[in-house]
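Shown here: target-v3.pdb, PDB, C-alpha atoms.
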```
MODEL        1
ATOM      1  CA  MET A  27       0.000   0.000   0.000  1.00  0.00           C
ATOM      2  CA  ASP A  28       2.932   2.345   0.651  1.00  0.00           C
ATOM      3  CA  GLN A  29       3.916   2.234  -3.015  1.00  0.00           C
ATOM      4  CA  ALA A  30       0.338   2.933  -4.126  1.00  0.00           C
ATOM      5  CA  PHE A  31       0.267   6.433  -2.590  1.00  0.00           C
ATOM      6  CA  TRP A  32       3.689   7.191  -4.041  1.00  0.00           C
ATOM      7  CA  ALA A  33       2.731   6.001  -7.532  1.00  0.00           C
ATOM      8  CA  PHE A  34      -0.626   7.775  -7.423  1.00  0.00           C
ATOM      9  CA  GLY A  35       1.029  10.994  -6.242  1.00  0.00           C
ATOM     10  CA  ARG A  36       3.590  10.859  -9.028  1.00  0.00           C
ATOM     11  CA  GLY A  37       0.956  10.109 -11.655  1.00  0.00           C
ATOM     12  CA  ALA A  38      -1.331  12.879 -10.423  1.00  0.00           C
ATOM     13  CA  GLY A  39       1.602  15.294 -10.505  1.00  0.00           C
ATOM     14  CA  VAL A  40       2.524  14.460 -14.096  1.00  0.00           C
ATOM     15  CA  ALA A  41      -1.140  14.581 -15.161  1.00  0.00           C
ATOM     16  CA  ALA A  42      -1.518  17.961 -13.422  1.00  0.00           C
ATOM     17  CA  LEU A  43       1.470  19.298 -15.368  1.00  0.00           C
ATOM     18  CA  VAL A  44      -0.057  18.204 -18.682  1.00  0.00           C
ATOM     19  CA  ILE A  45      -3.568  19.468 -17.908  1.00  0.00           C
ATOM     20  CA  LEU A  46      -2.370  22.785 -16.483  1.00  0.00           C
ATOM     21  CA  THR A  47      -0.228  23.243 -19.574  1.00  0.00           C
ATOM     22  CA  LEU A  48      -3.424  22.913 -21.614  1.00  0.00           C
ATOM     23  CA  ALA A  49      -5.144  25.350 -19.226  1.00  0.00           C
ATOM     24  CA  VAL A  50      -2.427  27.972 -19.682  1.00  0.00           C
ATOM     25  CA  ALA A  51      -2.347  27.510 -23.463  1.00  0.00           C
ATOM     26  CA  SER A  52      -6.132  27.654 -23.825  1.00  0.00           C
ATOM     27  CA  GLY A  53      -6.253  30.679 -21.501  1.00  0.00           C
ATOM     28  CA  ILE A  54      -3.822  32.523 -23.748  1.00  0.00           C
ATOM     29  CA  VAL A  55      -5.799  31.595 -26.863  1.00  0.00           C
ATOM     30  CA  THR A  56      -9.025  32.623 -25.101  1.00  0.00           C
ATOM     31  CA  ARG A  57      -7.681  36.169 -24.677  1.00  0.00           C
ATOM     32  CA  SER A  58      -7.252  36.399 -28.443  1.00  0.00           C
ATOM     33  CA  GLY A  59     -10.970  35.873 -29.020  1.00  0.00           C
ATOM     34  CA  ARG A  60     -10.162  33.537 -31.910  1.00  0.00           C
ATOM     35  CA  PRO A  61     -11.339  29.980 -32.519  1.00  0.00           C
ATOM     36  CA  LEU A  62      -8.903  27.103 -32.126  1.00  0.00           C
ATOM     37  CA  LEU A  63      -8.973  24.291 -34.645  1.00  0.00           C
ATOM     38  CA  SER A  64     -12.630  23.170 -34.631  1.00  0.00           C
ATOM     39  CA  LEU A  65     -13.518  24.931 -31.353  1.00  0.00           C
ATOM     40  CA  THR A  66     -15.344  28.229 -31.397  1.00  0.00           C
ATOM     41  CA  ARG A  67     -13.996  30.983 -29.170  1.00  0.00           C
ATOM     42  CA  PHE A  68     -16.634  29.999 -26.592  1.00  0.00           C
ATOM     43  CA  GLY A  69     -15.432  26.405 -26.861  1.00  0.00           C
ATOM     44  CA  VAL A  70     -11.873  27.572 -26.204  1.00  0.00           C
ATOM     45  CA  ALA A  71     -13.102  29.446 -23.112  1.00  0.00           C
ATOM     46  CA  GLU A  72     -14.878  26.292 -21.892  1.00  0.00           C
ATOM     47  CA  LEU A  73     -11.747  24.251 -22.550  1.00  0.00           C
ATOM     48  CA  HIS A  74      -9.799  26.725 -20.431  1.00  0.00           C
ATOM     49  CA  LYS A  75     -12.310  26.536 -17.575  1.00  0.00           C
ATOM     50  CA  SER A  76     -12.485  22.745 -17.689  1.00  0.00           C
ATOM     51  CA  THR A  77      -8.740  22.166 -17.857  1.00  0.00           C
ATOM     52  CA  SER A  78      -8.147  24.700 -15.089  1.00  0.00           C
ATOM     53  CA  LEU A  79     -10.634  22.951 -12.831  1.00  0.00           C
ATOM     54  CA  LEU A  80      -9.330  19.471 -13.672  1.00  0.00           C
ATOM     55  CA  GLY A  81      -5.724  20.602 -13.218  1.00  0.00           C
ATOM     56  CA  SER A  82      -6.559  22.084  -9.803  1.00  0.00           C
ATOM     57  CA  LEU A  83      -8.230  18.818  -8.817  1.00  0.00           C
ATOM     58  CA  LEU A  84      -5.174  16.840  -9.941  1.00  0.00           C
ATOM     59  CA  ILE A  85      -2.911  19.106  -7.884  1.00  0.00           C
ATOM     60  CA  MET A  86      -5.058  18.468  -4.826  1.00  0.00           C
ATOM     61  CA  LEU A  87      -4.940  14.703  -5.486  1.00  0.00           C
ATOM     62  CA  HIS A  88      -1.166  14.914  -5.946  1.00  0.00           C
ATOM     63  CA  LEU A  89      -0.774  16.745  -2.663  1.00  0.00           C
ATOM     64  CA  THR A  90      -3.256  14.633  -0.712  1.00  0.00           C
ATOM     65  CA  SER A  91      -1.739  11.337  -1.806  1.00  0.00           C
ATOM     66  CA  LEU A  92       1.695  12.512  -0.699  1.00  0.00           C
ATOM     67  CA  PHE A  93       0.310  13.256   2.781  1.00  0.00           C
ATOM     68  CA  PHE A  94      -0.424   9.554   3.113  1.00  0.00           C
ATOM     69  CA  ASP A  95       2.849   8.408   1.584  1.00  0.00           C
ATOM     70  CA  PRO A  96       5.219   7.349   4.371  1.00  0.00           C
ATOM     71  CA  TYR A  97       8.262   8.221   2.258  1.00  0.00           C
ATOM     72  CA  ALA A  98       7.243  11.787   1.362  1.00  0.00           C
ATOM     73  CA  GLN A  99       6.134  12.584   4.936  1.00  0.00           C
ATOM     74  CA  LEU A 100       4.477  15.867   4.021  1.00  0.00           C
ATOM     75  CA  ASP A 101       2.697  17.852   6.681  1.00  0.00           C
ATOM     76  CA  ILE A 102       0.367  20.860   6.637  1.00  0.00           C
ATOM     77  CA  THR A 103       3.249  23.331   6.871  1.00  0.00           C
ATOM     78  CA  ASP A 104       4.904  21.787   3.809  1.00  0.00           C
ATOM     79  CA  SER A 105       1.717  22.271   1.820  1.00  0.00           C
ATOM     80  CA  LEU A 106       1.030  25.886   2.836  1.00  0.00           C
ATOM     81  CA  VAL A 107       4.331  27.615   3.656  1.00  0.00           C
ATOM     82  CA  PRO A 108       6.963  27.554   0.906  1.00  0.00           C
ATOM     83  CA  PHE A 109      10.586  26.516   1.443  1.00  0.00           C
ATOM     84  CA  LEU A 110      10.246  24.995   4.945  1.00  0.00           C
ATOM     85  CA  GLY A 111      10.138  21.340   3.899  1.00  0.00           C
ATOM     86  CA  ARG A 112      12.722  18.808   5.027  1.00  0.00           C
ATOM     87  CA  TYR A 113      13.217  17.097   1.646  1.00  0.00           C
ATOM     88  CA  ARG A 114      14.633  19.309  -1.103  1.00  0.00           C
ATOM     89  CA  PRO A 115      13.211  22.470   0.500  1.00  0.00           C
ATOM     90  CA  PHE A 116      13.740  24.721  -2.526  1.00  0.00           C
ATOM     91  CA  TRP A 117      12.051  22.406  -5.039  1.00  0.00           C
ATOM     92  CA  LEU A 118       9.289  21.448  -2.614  1.00  0.00           C
ATOM     93  CA  GLY A 119       8.868  25.133  -1.818  1.00  0.00           C
ATOM     94  CA  LEU A 120       8.263  25.875  -5.494  1.00  0.00           C
ATOM     95  CA  GLY A 121       5.488  23.274  -5.463  1.00  0.00           C
ATOM     96  CA  THR A 122       4.025  24.832  -2.320  1.00  0.00           C
ATOM     97  CA  LEU A 123       4.201  28.285  -3.892  1.00  0.00           C
ATOM     98  CA  ALA A 124       2.419  26.907  -6.971  1.00  0.00           C
ATOM     99  CA  VAL A 125      -0.336  25.422  -4.759  1.00  0.00           C
ATOM    100  CA  ASP A 126      -0.717  28.752  -2.956  1.00  0.00           C
ATOM    101  CA  LEU A 127      -1.077  30.547  -6.304  1.00  0.00           C
ATOM    102  CA  VAL A 128      -3.627  27.984  -7.522  1.00  0.00           C
ATOM    103  CA  ILE A 129      -5.681  28.533  -4.360  1.00  0.00           C
ATOM    104  CA  LEU A 130      -5.482  32.311  -4.772  1.00  0.00           C
ATOM    105  CA  ILE A 131      -6.524  32.098  -8.420  1.00  0.00           C
ATOM    106  CA  MET A 132      -9.386  29.714  -7.585  1.00  0.00           C
ATOM    107  CA  ILE A 133     -10.675  32.069  -4.883  1.00  0.00           C
ATOM    108  CA  THR A 134     -10.638  35.031  -7.254  1.00  0.00           C
ATOM    109  CA  VAL A 135     -12.397  33.002  -9.952  1.00  0.00           C
ATOM    110  CA  MET A 136     -15.152  32.056  -7.499  1.00  0.00           C
ATOM    111  CA  LEU A 137     -15.460  35.688  -6.332  1.00  0.00           C
ATOM    112  CA  ARG A 138     -14.976  37.213  -9.774  1.00  0.00           C
ATOM    113  CA  HIS A 139     -18.293  39.064  -9.822  1.00  0.00           C
ATOM    114  CA  ARG A 140     -17.639  40.548  -6.385  1.00  0.00           C
ATOM    115  CA  LEU A 141     -14.111  41.759  -7.080  1.00  0.00           C
ATOM    116  CA  ALA A 142     -12.921  44.751  -9.035  1.00  0.00           C
ATOM    117  CA  HIS A 143     -12.104  43.695 -12.587  1.00  0.00           C
ATOM    118  CA  ARG A 144      -8.537  45.013 -12.266  1.00  0.00           C
ATOM    119  CA  LEU A 145      -7.881  42.965  -9.101  1.00  0.00           C
ATOM    120  CA  PHE A 146      -9.216  39.831 -10.765  1.00  0.00           C
ATOM    121  CA  ARG A 147      -6.992  40.381 -13.802  1.00  0.00           C
ATOM    122  CA  VAL A 148      -3.858  41.045 -11.731  1.00  0.00           C
ATOM    123  CA  VAL A 149      -4.350  37.864  -9.692  1.00  0.00           C
ATOM    124  CA  HIS A 150      -5.315  35.837 -12.755  1.00  0.00           C
ATOM    125  CA  TRP A 151      -2.195  37.046 -14.565  1.00  0.00           C
ATOM    126  CA  SER A 152      -0.158  35.375 -11.819  1.00  0.00           C
ATOM    127  CA  SER A 153      -0.803  32.161 -13.760  1.00  0.00           C
ATOM    128  CA  TYR A 154       1.971  33.365 -16.068  1.00  0.00           C
ATOM    129  CA  ALA A 155       4.275  32.904 -13.050  1.00  0.00           C
ATOM    130  CA  LEU A 156       2.458  29.818 -11.764  1.00  0.00           C
ATOM    131  CA  TRP A 157       3.210  27.584 -14.736  1.00  0.00           C
ATOM    132  CA  PRO A 158       7.014  28.014 -14.769  1.00  0.00           C
ATOM    133  CA  ILE A 159       7.110  27.644 -10.958  1.00  0.00           C
ATOM    134  CA  ALA A 160       5.155  24.377 -11.159  1.00  0.00           C
ATOM    135  CA  PHE A 161       7.290  23.248 -14.108  1.00  0.00           C
ATOM    136  CA  ALA A 162      10.499  23.915 -12.159  1.00  0.00           C
ATOM    137  CA  HIS A 163       9.028  21.996  -9.205  1.00  0.00           C
ATOM    138  CA  ALA A 164       8.343  19.016 -11.484  1.00  0.00           C
ATOM    139  CA  LEU A 165      11.883  19.070 -12.858  1.00  0.00           C
ATOM    140  CA  GLY A 166      13.591  19.671  -9.515  1.00  0.00           C
ATOM    141  CA  ASN A 167      11.535  17.490  -7.181  1.00  0.00           C
ATOM    142  CA  GLY A 168      10.073  14.932  -9.559  1.00  0.00           C
ATOM    143  CA  THR A 169      11.467  11.444  -9.263  1.00  0.00           C
ATOM    144  CA  ASP A 170      10.809  10.672 -12.925  1.00  0.00           C
ATOM    145  CA  VAL A 171      13.195  13.300 -14.329  1.00  0.00           C
ATOM    146  CA  GLY A 172      15.673  10.578 -15.282  1.00  0.00           C
ATOM    147  CA  HIS A 173      13.119   8.821 -17.501  1.00  0.00           C
ATOM    148  CA  THR A 174      12.857   9.608 -21.198  1.00  0.00           C
ATOM    149  CA  TRP A 175       9.032   9.481 -21.176  1.00  0.00           C
ATOM    150  CA  PHE A 176       8.903  12.241 -18.549  1.00  0.00           C
ATOM    151  CA  LEU A 177      11.439  14.402 -20.363  1.00  0.00           C
ATOM    152  CA  VAL A 178       9.418  14.075 -23.588  1.00  0.00           C
ATOM    153  CA  ILE A 179       6.230  15.114 -21.757  1.00  0.00           C
ATOM    154  CA  ALA A 180       8.048  18.029 -20.101  1.00  0.00           C
ATOM    155  CA  ALA A 181       9.530  19.149 -23.424  1.00  0.00           C
ATOM    156  CA  LEU A 182       6.129  19.013 -25.142  1.00  0.00           C
ATOM    157  CA  CYS A 183       4.559  21.010 -22.304  1.00  0.00           C
ATOM    158  CA  ALA A 184       7.327  23.621 -22.479  1.00  0.00           C
ATOM    159  CA  ALA A 185       7.024  23.834 -26.263  1.00  0.00           C
ATOM    160  CA  LEU A 186       3.245  24.346 -26.111  1.00  0.00           C
ATOM    161  CA  VAL A 187       3.504  27.099 -23.512  1.00  0.00           C
ATOM    162  CA  ALA A 188       6.375  28.760 -25.397  1.00  0.00           C
ATOM    163  CA  ALA A 189       4.384  28.671 -28.650  1.00  0.00           C
ATOM    164  CA  THR A 190       1.261  30.171 -27.084  1.00  0.00           C
ATOM    165  CA  VAL A 191       3.266  32.861 -25.259  1.00  0.00           C
ATOM    166  CA  ALA A 192       4.966  33.725 -28.576  1.00  0.00           C
ATOM    167  CA  PHE A 193       1.488  33.901 -30.134  1.00  0.00           C
ATOM    168  CA  ARG A 194       0.376  36.172 -27.264  1.00  0.00           C
ATOM    169  CA  LEU A 195       3.308  38.527 -27.821  1.00  0.00           C
ATOM    170  CA  ARG A 196       2.742  38.897 -31.552  1.00  0.00           C
ATOM    171  CA  HIS A 197       1.866  42.361 -32.770  1.00  0.00           C
ATOM    172  CA  ASP A 198      -1.336  41.087 -34.381  1.00  0.00           C
ATOM    173  CA  PHE A 199      -2.624  39.377 -31.244  1.00  0.00           C
ATOM    174  CA  LEU A 200      -6.212  40.601 -31.120  1.00  0.00           C
ATOM    175  CA  GLU A 201      -6.171  42.054 -27.603  1.00  0.00           C
ATOM    176  CA  LEU A 202      -2.709  43.627 -27.881  1.00  0.00           C
ATOM    177  CA  HIS A 203      -3.364  44.870 -31.404  1.00  0.00           C
ATOM    178  CA  HIS A 204      -6.197  47.130 -30.202  1.00  0.00           C
ATOM    179  CA  THR A 205      -4.145  48.345 -27.255  1.00  0.00           C
ATOM    180  CA  ARG A 206      -1.118  49.186 -29.359  1.00  0.00           C
ATOM    181  CA  ALA A 207      -3.186  50.849 -32.043  1.00  0.00           C
ATOM    182  CA  GLY A 208      -4.823  53.056 -29.410  1.00  0.00           C
ATOM    183  CA  ALA A 209      -1.461  53.950 -27.870  1.00  0.00           C
ATOM    184  CA  GLN A 210      -0.069  55.115 -31.231  1.00  0.00           C
ATOM    185  CA  ARG A 211      -2.849  57.638 -31.779  1.00  0.00           C
TER     186      ARG A 211
ENDMDL
END
```

Hey, can you dump this file as structure tokens for me?
Amino acid sequence: MDQAFWAFGRGAGVAALVILTLAVASGIVTRSGRPLLSLTRFGVAELHKSTSLLGSLLIMLHLTSLFFDPYAQLDITDSLVPFLGRYRPFWLGLGTLAVDLVILIMITVMLRHRLAHRLFRVVHWSSYALWPIAFAHALGNGTDVGHTWFLVIAALCAALVAATVAFRLRHDFLELHHTRAGAQR
């Protein structure tokens, strides 16, 4: 049974990385207001919401399973306060920081209609920091880093995020295009 929690925690962590990569990519595409492949722009927005929710659930499963794993020996402090863990404190701390950001983003999403739009956007934009923090946690604390299958998954995730960020930074990105055009007048 000890190995089951460890294996489940690892699997949930890798699945969370993949799903949250899709959440970040679909969130970036959503801001463009454009369709994606056969999805309408509303479909892209639903994809973003669904992958964000599923990714958050996978993170919670990853964390919860490691509480019960006798090898990991996580406690409440490890899961809430970054960089205080006993095992690889920096890399574990990045994971804790990522969890804290996910919780903050989830709270603002649930309270979106009660918050000022600017506050919601500022907190939601922290997902641009969240993904690389979680990615670094996976590479630094993950026990599968030495396996080719994990490195391929990590490389594909990094490539997808890099491609969508490059798309976001293009001059003809719909949202930025209007902003830049207005600034030049």

Task: Spatial neighbours of Ala71 of chain A, 12 Å, all atoms listed in the file, chain gap at least 2 places, as number ranges by chain - done: A: 48-62, 65-69, 73-78

- [ ] Write out as a list in words the residues lying within 10 Å of segment 171-182 of chain A, counting all atoms listed in the file and excluding same-chain residues fewer than 2 positions away.
- [x]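 Answer for this query is Val40, Ala41, Leu43, Val44, Thr47, Phe161, Ala164, Leu165, Gly166, Asn167, Gly168, Thr169, Ala184, Ala185, Leu186, Val187 and Ala188 of chain A.
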
Task: Using all atoms listed in the file: which of A:Ile133, A:Ala160, A:Ala142, A:Val70 has the shortest distance to Ile85 of chain A - done: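 Comparing A:Ile133, A:Ala160, A:Ala142, A:Val70 against Ile85 of chain A, the winner is A:Ala160.
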
Open item on the list: Report, in Å to a single decimal, how far apart atom CA of Gly121 of chain A and atom CA of Cys183 of chain A are.
Closed with: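 Distance reported for this atom pair: 17.0 Å.
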
- [ ] Point out the residue among A:Leu63, A:Leu89, A:Met136, A:Ile102 with the least atom-to-atom distance to Gly37 of chain A, counting only C-alpha atoms.
- [x] A:Leu89

- [ ] I need the residue set behind the PyMOL selection byres ((chain A and resi 91) around 10) for this file; please write it as a list of chain:residue names.
- [x]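 Taken over the shown coordinates, the PyMOL selection byres ((chain A and resi 91) around 10) returns A:Ala30, A:Phe31, A:Trp32, A:Ala33, A:Phe34, A:Gly35, A:Arg36, A:Ala38, A:Ile85, A:Met86, A:Leu87, A:His88, A:Leu89, A:Thr90, A:Leu92, A:Phe93, A:Phe94, A:Asp95, A:Ala98, A:Leu100.
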
Task: Nearby residues (all atoms listed in the file) at most 10 Å from Asp126 of chain A, same-chain spacing under 5 positions excluded, as a list in words - done: Ser105, Leu106, Val107, Pro108, Leu120, Gly121, Ile131, Met132 and Leu156 of chain A

Open item on the list: Between atom CA of Leu84 of chain A and atom CA of Ala189 of chain A, what is the distance in Å, rounded to a tenth?
Closed with: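 Pair atom CA of Leu84 of chain A / atom CA of Ala189 of chain A returns 24.1 Å.
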